[in-house]
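Data from model.cif: mmCIF, C-alpha atoms and all ligand atoms
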data_query
#
loop_
_atom_site.group_PDB
_atom_site.id
_atom_site.type_symbol
_atom_site.label_atom_id
_atom_site.label_comp_id
_atom_site.auth_asym_id
_atom_site.auth_seq_id
_atom_site.Cartn_x
_atom_site.Cartn_y
_atom_site.Cartn_z
ATOM 1 C CA MET A 1008 107.573 123.636 99.619
ATOM 2 C CA ALA A 1009 108.308 122.670 95.998
ATOM 3 C CA THR A 1010 108.741 125.656 93.663
ATOM 4 C CA GLN A 1011 105.770 126.864 91.675
ATOM 5 C CA PRO A 1012 105.727 126.115 87.927
ATOM 6 C CA ILE A 1013 106.291 128.960 85.469
ATOM 7 C CA ILE A 1014 105.102 129.099 81.833
ATOM 8 C CA LYS A 1015 107.181 130.806 79.150
ATOM 9 C CA LEU A 1016 104.897 132.842 76.889
ATOM 10 C CA HIS A 1017 105.625 133.190 73.170
ATOM 11 C CA ASP A 1018 106.842 136.780 73.673
ATOM 12 C CA GLY A 1019 109.503 135.469 76.087
ATOM 13 C CA ASN A 1020 107.813 136.674 79.280
ATOM 14 C CA LEU A 1021 107.320 134.316 82.218
ATOM 15 C CA MET A 1022 103.950 133.673 83.872
ATOM 16 C CA PRO A 1023 103.303 131.694 87.071
ATOM 17 C CA GLN A 1024 101.082 128.738 86.112
ATOM 18 C CA LEU A 1025 98.919 129.113 89.216
ATOM 19 C CA GLY A 1026 97.373 132.414 90.270
ATOM 20 C CA LEU A 1027 94.611 133.872 92.411
ATOM 21 C CA GLY A 1028 91.369 134.893 90.692
ATOM 22 C CA VAL A 1029 89.417 137.733 92.302
ATOM 23 C CA TRP A 1030 86.107 137.929 90.440
ATOM 24 C CA GLN A 1031 83.238 138.658 92.869
ATOM 25 C CA ALA A 1032 85.614 139.691 95.644
ATOM 26 C CA SER A 1033 84.908 143.136 97.090
ATOM 27 C CA ASN A 1034 87.510 145.901 97.340
ATOM 28 C CA GLU A 1035 87.762 145.052 101.054
ATOM 29 C CA ASP A 1036 87.912 141.236 100.762
ATOM 30 C CA VAL A 1037 90.457 141.365 97.997
ATOM 31 C CA VAL A 1038 92.981 143.122 100.247
ATOM 32 C CA THR A 1039 93.030 140.352 102.835
ATOM 33 C CA ALA A 1040 92.824 137.629 100.163
ATOM 34 C CA ILE A 1041 95.835 138.998 98.266
ATOM 35 C CA GLU A 1042 97.775 139.564 101.474
ATOM 36 C CA LYS A 1043 97.196 135.917 102.407
ATOM 37 C CA ALA A 1044 97.986 134.721 98.894
ATOM 38 C CA LEU A 1045 101.288 136.600 98.673
ATOM 39 C CA GLU A 1046 102.284 135.350 102.121
ATOM 40 C CA THR A 1047 101.465 131.793 100.912
ATOM 41 C CA GLY A 1048 103.668 132.165 97.820
ATOM 42 C CA TYR A 1049 101.256 133.186 95.043
ATOM 43 C CA ARG A 1050 102.775 135.795 92.724
ATOM 44 C CA HIS A 1051 100.051 135.953 90.078
ATOM 45 C CA ILE A 1052 96.749 137.836 90.516
ATOM 46 C CA ASP A 1053 93.932 137.932 87.952
ATOM 47 C CA THR A 1054 91.510 140.878 88.035
ATOM 48 C CA ALA A 1055 89.509 142.881 85.458
ATOM 49 C CA ALA A 1056 88.104 146.389 85.132
ATOM 50 C CA ILE A 1057 84.570 144.976 85.287
ATOM 51 C CA TYR A 1058 85.220 143.250 88.643
ATOM 52 C CA GLN A 1059 85.281 146.730 90.200
ATOM 53 C CA ASN A 1060 87.974 145.708 92.651
ATOM 54 C CA GLU A 1061 91.103 147.093 90.998
ATOM 55 C CA VAL A 1062 91.319 149.718 93.764
ATOM 56 C CA GLY A 1063 91.390 146.954 96.379
ATOM 57 C CA VAL A 1064 93.949 144.979 94.369
ATOM 58 C CA GLY A 1065 96.054 148.159 94.144
ATOM 59 C CA ASN A 1066 95.804 148.706 97.900
ATOM 60 C CA ALA A 1067 96.989 145.155 98.558
ATOM 61 C CA LEU A 1068 99.877 145.496 96.099
ATOM 62 C CA ALA A 1069 100.919 148.858 97.545
ATOM 63 C CA ALA A 1070 101.166 147.282 100.993
ATOM 64 C CA THR A 1071 103.165 144.157 100.095
ATOM 65 C CA PRO A 1072 106.894 143.851 100.663
ATOM 66 C CA VAL A 1073 107.054 141.570 97.570
ATOM 67 C CA PRO A 1074 108.995 143.466 94.855
ATOM 68 C CA ARG A 1075 107.014 144.498 91.770
ATOM 69 C CA ASP A 1076 109.193 142.475 89.409
ATOM 70 C CA GLU A 1077 108.266 139.279 91.254
ATOM 71 C CA LEU A 1078 104.547 139.891 90.737
ATOM 72 C CA PHE A 1079 102.437 138.976 87.721
ATOM 73 C CA ILE A 1080 99.309 141.124 87.510
ATOM 74 C CA THR A 1081 96.597 140.636 84.892
ATOM 75 C CA THR A 1082 93.690 142.940 84.162
ATOM 76 C CA LYS A 1083 91.207 143.046 81.296
ATOM 77 C CA LEU A 1084 89.661 145.449 78.797
ATOM 78 C CA TRP A 1085 85.890 145.604 79.202
ATOM 79 C CA ASN A 1086 83.638 145.254 76.148
ATOM 80 C CA ASP A 1087 82.391 148.874 76.174
ATOM 81 C CA ASP A 1088 85.978 150.115 76.026
ATOM 82 C CA GLN A 1089 87.133 148.228 72.929
ATOM 83 C CA ASP A 1090 87.310 151.559 71.041
ATOM 84 C CA ASN A 1091 89.767 153.035 73.490
ATOM 85 C CA PRO A 1092 91.988 150.462 75.200
ATOM 86 C CA GLN A 1093 94.647 153.044 76.050
ATOM 87 C CA GLN A 1094 92.278 155.137 78.145
ATOM 88 C CA ALA A 1095 90.838 152.003 79.767
ATOM 89 C CA LEU A 1096 94.265 150.619 80.651
ATOM 90 C CA GLU A 1097 95.426 153.981 82.020
ATOM 91 C CA GLU A 1098 92.351 154.031 84.280
ATOM 92 C CA SER A 1099 93.056 150.468 85.424
ATOM 93 C CA LEU A 1100 96.706 151.314 86.121
ATOM 94 C CA LYS A 1101 95.676 154.319 88.178
ATOM 95 C CA LYS A 1102 93.386 152.153 90.324
ATOM 96 C CA LEU A 1103 95.984 149.404 90.587
ATOM 97 C CA LYS A 1104 98.655 152.020 91.453
ATOM 98 C CA LEU A 1105 100.973 150.399 88.907
ATOM 99 C CA ASP A 1106 103.091 151.673 85.998
ATOM 100 C CA TYR A 1107 102.375 148.564 83.945
ATOM 101 C CA VAL A 1108 100.449 145.310 84.064
ATOM 102 C CA ASP A 1109 102.098 142.025 83.215
ATOM 103 C CA LEU A 1110 99.183 140.906 81.067
ATOM 104 C CA TYR A 1111 96.332 142.870 79.481
ATOM 105 C CA LEU A 1112 93.510 140.807 78.001
ATOM 106 C CA ILE A 1113 90.531 141.609 75.773
ATOM 107 C CA HIS A 1114 87.758 140.316 78.045
ATOM 108 C CA TRP A 1115 85.299 139.052 75.393
ATOM 109 C CA PRO A 1116 85.426 139.067 71.596
ATOM 110 C CA GLU A 1117 81.859 140.445 71.360
ATOM 111 C CA PRO A 1118 81.639 139.348 67.712
ATOM 112 C CA ARG A 1119 78.394 141.236 67.174
ATOM 113 C CA GLN A 1120 80.062 144.597 67.795
ATOM 114 C CA ASN A 1121 82.930 143.430 65.533
ATOM 115 C CA LYS A 1122 85.598 145.661 67.067
ATOM 116 C CA PHE A 1123 87.962 143.071 68.497
ATOM 117 C CA VAL A 1124 90.509 143.111 65.642
ATOM 118 C CA GLU A 1125 90.980 146.881 65.925
ATOM 119 C CA ALA A 1126 91.085 146.581 69.731
ATOM 120 C CA TRP A 1127 93.779 143.920 69.341
ATOM 121 C CA ARG A 1128 95.926 146.249 67.161
ATOM 122 C CA LYS A 1129 95.638 148.836 69.937
ATOM 123 C CA LEU A 1130 96.681 146.312 72.591
ATOM 124 C CA LEU A 1131 99.798 145.537 70.533
ATOM 125 C CA LYS A 1132 100.641 149.272 70.729
ATOM 126 C CA LEU A 1133 100.137 149.255 74.511
ATOM 127 C CA LYS A 1134 102.717 146.474 74.682
ATOM 128 C CA GLU A 1135 105.144 148.542 72.571
ATOM 129 C CA GLN A 1136 104.601 151.472 74.953
ATOM 130 C CA GLY A 1137 105.382 149.233 77.931
ATOM 131 C CA LEU A 1138 102.010 149.757 79.633
ATOM 132 C CA ALA A 1139 101.423 145.997 79.340
ATOM 133 C CA LYS A 1140 104.364 143.581 79.253
ATOM 134 C CA SER A 1141 102.237 141.003 77.427
ATOM 135 C CA VAL A 1142 98.871 141.090 75.681
ATOM 136 C CA GLY A 1143 96.282 138.425 75.097
ATOM 137 C CA VAL A 1144 92.598 137.602 74.951
ATOM 138 C CA CYS A 1145 89.829 135.834 76.829
ATOM 139 C CA ASN A 1146 86.947 133.802 75.518
ATOM 140 C CA PHE A 1147 88.148 133.744 71.904
ATOM 141 C CA HIS A 1148 87.026 130.846 69.738
ATOM 142 C CA ILE A 1149 89.063 129.587 66.784
ATOM 143 C CA PRO A 1150 87.409 131.867 64.155
ATOM 144 C CA HIS A 1151 88.067 134.919 66.368
ATOM 145 C CA LEU A 1152 91.709 133.916 66.857
ATOM 146 C CA GLN A 1153 92.092 133.159 63.156
ATOM 147 C CA ARG A 1154 90.969 136.690 62.329
ATOM 148 C CA LEU A 1155 93.640 138.145 64.628
ATOM 149 C CA LEU A 1156 96.280 136.052 62.882
ATOM 150 C CA ASP A 1157 95.030 136.789 59.363
ATOM 151 C CA GLU A 1158 94.436 140.508 59.853
ATOM 152 C CA THR A 1159 97.294 141.493 62.183
ATOM 153 C CA GLY A 1160 99.827 138.647 61.926
ATOM 154 C CA SER A 1161 100.124 138.641 65.743
ATOM 155 C CA ALA A 1162 98.894 135.930 68.061
ATOM 156 C CA PRO A 1163 97.889 136.588 71.671
ATOM 157 C CA VAL A 1164 100.228 135.038 74.249
ATOM 158 C CA VAL A 1165 97.271 133.732 76.269
ATOM 159 C CA ASN A 1166 93.666 132.762 75.601
ATOM 160 C CA GLN A 1167 91.827 132.697 78.952
ATOM 161 C CA ILE A 1168 88.710 130.533 78.603
ATOM 162 C CA GLU A 1169 86.157 128.768 80.770
ATOM 163 C CA LEU A 1170 87.774 125.390 81.418
ATOM 164 C CA HIS A 1171 87.195 122.797 84.149
ATOM 165 C CA PRO A 1172 86.516 119.035 84.219
ATOM 166 C CA LEU A 1173 82.923 119.550 83.018
ATOM 167 C CA LEU A 1174 84.023 121.753 80.070
ATOM 168 C CA GLN A 1175 87.458 120.644 78.919
ATOM 169 C CA GLN A 1176 87.635 122.528 75.598
ATOM 170 C CA ARG A 1177 90.126 120.038 74.127
ATOM 171 C CA GLN A 1178 89.834 121.250 70.533
ATOM 172 C CA LEU A 1179 90.397 124.906 71.450
ATOM 173 C CA HIS A 1180 93.227 124.016 73.846
ATOM 174 C CA ALA A 1181 94.938 121.996 71.081
ATOM 175 C CA TRP A 1182 94.472 124.819 68.540
ATOM 176 C CA ASN A 1183 95.946 127.332 71.007
ATOM 177 C CA ALA A 1184 98.917 125.018 71.589
ATOM 178 C CA THR A 1185 99.554 124.664 67.850
ATOM 179 C CA HIS A 1186 99.806 128.450 67.646
ATOM 180 C CA ASN A 1187 101.944 128.828 70.794
ATOM 181 C CA ILE A 1188 99.071 130.447 72.658
ATOM 182 C CA ALA A 1189 98.954 129.412 76.317
ATOM 183 C CA THR A 1190 95.518 128.317 77.524
ATOM 184 C CA GLU A 1191 94.406 129.741 80.859
ATOM 185 C CA SER A 1192 91.439 128.193 82.678
ATOM 186 C CA TRP A 1193 88.825 130.446 84.213
ATOM 187 C CA SER A 1194 86.390 128.948 86.722
ATOM 188 C CA PRO A 1195 88.980 126.155 87.113
ATOM 189 C CA LEU A 1196 87.044 124.718 90.079
ATOM 190 C CA ALA A 1197 83.753 124.898 88.182
ATOM 191 C CA GLN A 1198 82.796 127.757 90.532
ATOM 192 C CA GLY A 1199 83.045 125.862 93.798
ATOM 193 C CA GLY A 1200 83.204 122.284 92.581
ATOM 194 C CA GLU A 1201 79.521 121.393 92.333
ATOM 195 C CA GLY A 1202 79.191 118.431 89.978
ATOM 196 C CA VAL A 1203 82.944 117.812 90.125
ATOM 197 C CA PHE A 1204 84.226 117.423 93.689
ATOM 198 C CA GLU A 1205 81.776 114.597 94.464
ATOM 199 C CA GLN A 1206 82.676 112.558 91.353
ATOM 200 C CA ASP A 1207 84.081 109.100 92.208
ATOM 201 C CA VAL A 1208 87.313 109.579 90.298
ATOM 202 C CA ILE A 1209 88.028 112.851 92.115
ATOM 203 C CA SER A 1210 87.252 111.351 95.571
ATOM 204 C CA LYS A 1211 89.444 108.311 94.858
ATOM 205 C CA LEU A 1212 92.382 110.439 93.745
ATOM 206 C CA ALA A 1213 91.896 112.728 96.751
ATOM 207 C CA ALA A 1214 92.116 109.682 99.040
ATOM 208 C CA LYS A 1215 95.120 108.252 97.165
ATOM 209 C CA TYR A 1216 97.188 111.459 97.329
ATOM 210 C CA GLU A 1217 95.799 112.662 100.691
ATOM 211 C CA LYS A 1218 94.633 115.855 99.012
ATOM 212 C CA THR A 1219 91.274 117.631 98.777
ATOM 213 C CA PRO A 1220 89.070 117.450 95.664
ATOM 214 C CA ALA A 1221 89.975 121.073 94.877
ATOM 215 C CA GLN A 1222 93.680 120.204 94.983
ATOM 216 C CA ILE A 1223 93.119 117.254 92.618
ATOM 217 C CA VAL A 1224 91.293 119.496 90.163
ATOM 218 C CA ILE A 1225 93.973 122.205 90.329
ATOM 219 C CA ARG A 1226 96.670 119.541 89.824
ATOM 220 C CA TRP A 1227 94.735 118.281 86.777
ATOM 221 C CA HIS A 1228 94.922 121.775 85.211
ATOM 222 C CA LEU A 1229 98.659 122.012 85.863
ATOM 223 C CA ASP A 1230 99.341 118.507 84.523
ATOM 224 C CA CYS A 1231 97.349 119.334 81.369
ATOM 225 C CA GLY A 1232 99.669 122.334 80.825
ATOM 226 C CA LEU A 1233 96.944 124.860 81.643
ATOM 227 C CA ILE A 1234 97.344 128.076 83.620
ATOM 228 C CA ALA A 1235 94.789 128.124 86.471
ATOM 229 C CA ILE A 1236 93.431 130.981 88.579
ATOM 230 C CA PRO A 1237 91.184 129.522 91.309
ATOM 231 C CA LYS A 1238 89.367 132.245 93.217
ATOM 232 C CA SER A 1239 88.985 132.269 96.963
ATOM 233 C CA VAL A 1240 88.629 134.859 99.675
ATOM 234 C CA THR A 1241 88.813 132.177 102.380
ATOM 235 C CA PRO A 1242 92.304 132.070 103.955
ATOM 236 C CA LYS A 1243 92.263 128.292 104.481
ATOM 237 C CA ARG A 1244 91.285 127.641 100.855
ATOM 238 C CA ILE A 1245 93.825 130.152 99.515
ATOM 239 C CA VAL A 1246 96.522 128.073 101.239
ATOM 240 C CA GLU A 1247 94.928 124.749 100.220
ATOM 241 C CA ASN A 1248 94.714 125.720 96.548
ATOM 242 C CA PHE A 1249 98.449 126.514 96.439
ATOM 243 C CA ASN A 1250 99.525 123.308 98.167
ATOM 244 C CA VAL A 1251 99.633 121.280 94.951
ATOM 245 C CA PHE A 1252 103.286 121.188 93.959
ATOM 246 C CA ASP A 1253 104.291 118.003 95.808
ATOM 247 C CA PHE A 1254 102.406 115.456 93.687
ATOM 248 C CA ARG A 1255 101.463 114.756 90.062
ATOM 249 C CA LEU A 1256 98.668 112.862 88.341
ATOM 250 C CA ASP A 1257 99.784 110.122 85.967
ATOM 251 C CA LYS A 1258 98.603 109.623 82.389
ATOM 252 C CA ASP A 1259 95.946 107.101 83.341
ATOM 253 C CA GLU A 1260 94.557 109.401 86.072
ATOM 254 C CA LEU A 1261 94.427 112.317 83.636
ATOM 255 C CA SER A 1262 92.452 110.202 81.177
ATOM 256 C CA GLN A 1263 90.008 109.156 83.900
ATOM 257 C CA ILE A 1264 89.325 112.857 84.611
ATOM 258 C CA ALA A 1265 89.041 113.468 80.838
ATOM 259 C CA LYS A 1266 85.904 111.297 80.950
ATOM 260 C CA LEU A 1267 84.117 113.891 83.117
ATOM 261 C CA ASP A 1268 83.879 116.278 80.167
ATOM 262 C CA ALA A 1269 80.201 117.064 79.656
ATOM 263 C CA GLY A 1270 80.516 120.193 77.493
ATOM 264 C CA LYS A 1271 78.814 122.023 80.366
ATOM 265 C CA ARG A 1272 79.247 125.783 80.320
ATOM 266 C CA LEU A 1273 78.708 127.756 83.536
ATOM 267 C CA GLY A 1274 79.273 131.141 81.917
ATOM 268 C CA PRO A 1275 78.104 132.755 78.669
ATOM 269 C CA ASP A 1276 78.935 131.380 75.217
ATOM 270 C CA PRO A 1277 81.375 133.850 73.595
ATOM 271 C CA ASP A 1278 79.712 133.426 70.191
ATOM 272 C CA THR A 1279 76.344 134.676 71.347
ATOM 273 C CA LYS A 1280 77.173 136.868 74.347
HETATM 274 N N1 LIG B 1 87.920 135.997 81.528
HETATM 275 C C1 LIG B 1 86.708 135.739 81.935
HETATM 276 O O1 LIG B 1 85.718 135.947 81.215
HETATM 277 C C2 LIG B 1 86.504 135.177 83.308
HETATM 278 C C3 LIG B 1 85.243 134.726 83.695
HETATM 279 C C4 LIG B 1 85.082 134.196 84.977
HETATM 280 C C5 LIG B 1 86.173 134.128 85.828
HETATM 281 N N2 LIG B 1 87.408 134.613 85.440
HETATM 282 C C6 LIG B 1 88.590 134.564 86.341
HETATM 283 O O2 LIG B 1 88.747 133.233 86.811
HETATM 284 C C7 LIG B 1 88.773 133.250 88.235
HETATM 285 C C8 LIG B 1 88.254 131.940 88.811
HETATM 286 O O3 LIG B 1 86.963 131.655 88.361
HETATM 287 P P1 LIG B 1 85.651 131.717 89.298
HETATM 288 O O4 LIG B 1 85.874 132.726 90.353
HETATM 289 O O5 LIG B 1 84.499 131.898 88.391
HETATM 290 O O6 LIG B 1 85.500 130.254 89.875
HETATM 291 P P2 LIG B 1 86.406 129.128 90.580
HETATM 292 O O7 LIG B 1 87.761 129.630 90.860
HETATM 293 O O8 LIG B 1 86.243 127.915 89.757
HETATM 294 O O9 LIG B 1 85.601 128.885 91.926
HETATM 295 C C9 LIG B 1 85.514 129.897 92.910
HETATM 296 C C10 LIG B 1 84.547 129.404 93.977
HETATM 297 O O10 LIG B 1 85.062 128.224 94.576
HETATM 298 C C11 LIG B 1 85.182 128.401 95.988
HETATM 299 N N3 LIG B 1 86.442 127.723 96.375
HETATM 300 C C12 LIG B 1 87.717 128.158 96.176
HETATM 301 N N4 LIG B 1 88.597 127.271 96.634
HETATM 302 C C13 LIG B 1 87.895 126.234 97.146
HETATM 303 C C14 LIG B 1 88.256 125.031 97.788
HETATM 304 N N5 LIG B 1 89.532 124.716 97.974
HETATM 305 N N6 LIG B 1 87.257 124.203 98.179
HETATM 306 C C15 LIG B 1 85.957 124.509 97.981
HETATM 307 N N7 LIG B 1 85.556 125.651 97.378
HETATM 308 C C16 LIG B 1 86.514 126.517 96.963
HETATM 309 C C17 LIG B 1 85.235 129.905 96.200
HETATM 310 O O11 LIG B 1 84.692 130.254 97.452
HETATM 311 P P3 LIG B 1 85.340 131.337 98.475
HETATM 312 O O12 LIG B 1 85.882 132.497 97.692
HETATM 313 O O13 LIG B 1 84.167 131.691 99.317
HETATM 314 O O14 LIG B 1 86.404 130.612 99.247
HETATM 315 C C18 LIG B 1 84.312 130.391 95.085
HETATM 316 O O15 LIG B 1 82.975 130.282 95.465
HETATM 317 C C19 LIG B 1 87.899 134.461 88.579
HETATM 318 O O16 LIG B 1 88.025 134.864 89.912
HETATM 319 C C20 LIG B 1 88.418 135.450 87.582
HETATM 320 O O17 LIG B 1 89.661 135.991 87.995
HETATM 321 C C21 LIG B 1 87.565 135.114 84.185
#

Hey, can you dump this file as structure tokens for me?
Amino acid sequence: MATQPIIKLHDGNLMPQLGLGVWQASNEDVVTAIEKALETGYRHIDTAAIYQNEVGVGNALAATPVPRDELFITTKLWNDDQDNPQQALEESLKKLKLDYVDLYLIHWPEPRQNKFVEAWRKLLKLKEQGLAKSVGVCNFHIPHLQRLLDETGSAPVVNQIELHPLLQQRQLHAWNATHNIATESWSPLAQGGEGVFEQDVISKLAAKYEKTPAQIVIRWHLDCGLIAIPKSVTPKRIVENFNVFDFRLDKDELSQIAKLDAGKRLGPDPDTK
């Protein structure tokens, strides 16, 4: 199998470009999903305190023969804990049975509570303490990111946002890139592919490359320079979603998929959430 692509973050740390998302996976299901993923070659797992499965993720990680320094584990600070990220991260680490996470993200800016700049300063301290190797954000729009830059002088390494063929977020992706912030796609399969997998362009490319629609969509993320974290608890799909390193989409194919952008959000709008 071809080697998996790695992204260099602006703090120098390395992040596998493809990972396993575990939102809506139970503490039980996540153990078998992560076991299968690690056996398949995944090294990057994306969880969050609010997913309530950090204990299951920790159980899976405790059982794996894969060394800790080969793993990339992300968790996230929930909105109610923006006043006290240190306590929240320590609780997450306890559940995960880890000494540090590779990436700690502010889950939502929650502009109405207006605490995200102070929370960000505290995340920078957690990085200094070594409890998180890297720190970043999710669901930040340009004005939220601009405030972090203006008020703290420090940019997140990653902005994890809803991004799939129906919501391509080109302006935000370009802004992130200009500021050396890697863009990570959540719901990369548009939550199971409805409205995407059956599109003509996706079916044609699937036939051309002898791949599934999900593999075409994951390849599109990688070829756009995005980090992607497709979620699955189904062993066959976990393997399928990782079998994408032996082909590439060309420029013309990427622009055909670009035409699917419909500005269609499946999750909440960060400005009004
Ligand atoms: N930061 C944030 O605010 C935020 C928000 C949402 C999500 N996330 C992260 O992003 C991850 C991915 O997003 P998501 O879980 O919303 O959606 P997704 O990865 O786009 O789609 C997951 C859905 O697709 C199905 N699926 C997976 N592989 C498939 C395949 N090869 N063929 C057909 N169906 C397939 C899964 O079913 P099965 O599991 O039944 O196989 C599941 O129903 C989450 O798990 C989470 O880690 C972050």

Nearby residues (all atoms listed in the file) at most 9 Å from Ser1210 (chain A), same-chain spacing under 5 positions excluded, as a PyMOL selection string: chain A and resi 1204-1205+1215+1219-1220+1223

All residues 10 Å or closer to Glu1061 (chain A), all atoms listed in the file, same chain fewer than 6 positions away omitted, as a VMD selection string: chain A and resid 1029 1033 to 1034 1037 1054 to 1055 1067 1082 1098 to 1104

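Of the residues listed (A:Gln1176, A:Asn1091, A:Asn1086, A:Gln1120), A:Asn1086 shows the shortest atom-to-atom separation from ligand LIG 1 (chain B); distances use all atoms listed in the file.
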
Residues within 7 Å of ligand LIG 1 (chain B), counting all atoms listed in the file, as a PyMOL selection string: chain A and resi 1027-1031+1053-1054+1114-1115+1145-1146+1167-1169+1193-1200+1221-1222+1236-1241+1244-1245+1247-1248

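Distances to Thr1047 (chain A) were evaluated for A:Asn1060, A:Gln1175, A:Thr1010, A:Ser1192 using all atoms listed in the file, and the minimum falls at A:Thr1010.
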
Test item: residues at most 10 Å from Lys1280 (chain A), all atoms listed in the file, excluding those fewer than 2 positions along its chain, as a CSV table (one decimal) with C-alpha atoms, in the frame of the given file:
chain,number,residue,atom,x,y,z
A,1115,TRP,CA,85.3,139.1,75.4
A,1116,PRO,CA,85.4,139.1,71.6
A,1117,GLU,CA,81.9,140.4,71.4
A,1118,PRO,CA,81.6,139.3,67.7
A,1119,ARG,CA,78.4,141.2,67.2
A,1274,GLY,CA,79.3,131.1,81.9
A,1275,PRO,CA,78.1,132.8,78.7
A,1276,ASP,CA,78.9,131.4,75.2
A,1277,PRO,CA,81.4,133.8,73.6
A,1278,ASP,CA,79.7,133.4,70.2

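Residues selected in this file by the PyMOL selection byres (((chain A and resi 1180-1187) around 9) and not hetatm) comprise Leu1016, His1017, Ile1149, Leu1152, Ala1162, Pro1163, Val1164, Val1165, Asn1166, Gln1175, Gln1176, Arg1177, Gln1178, Leu1179, Ile1188, Ala1189, Thr1190 and Leu1233 of chain A.
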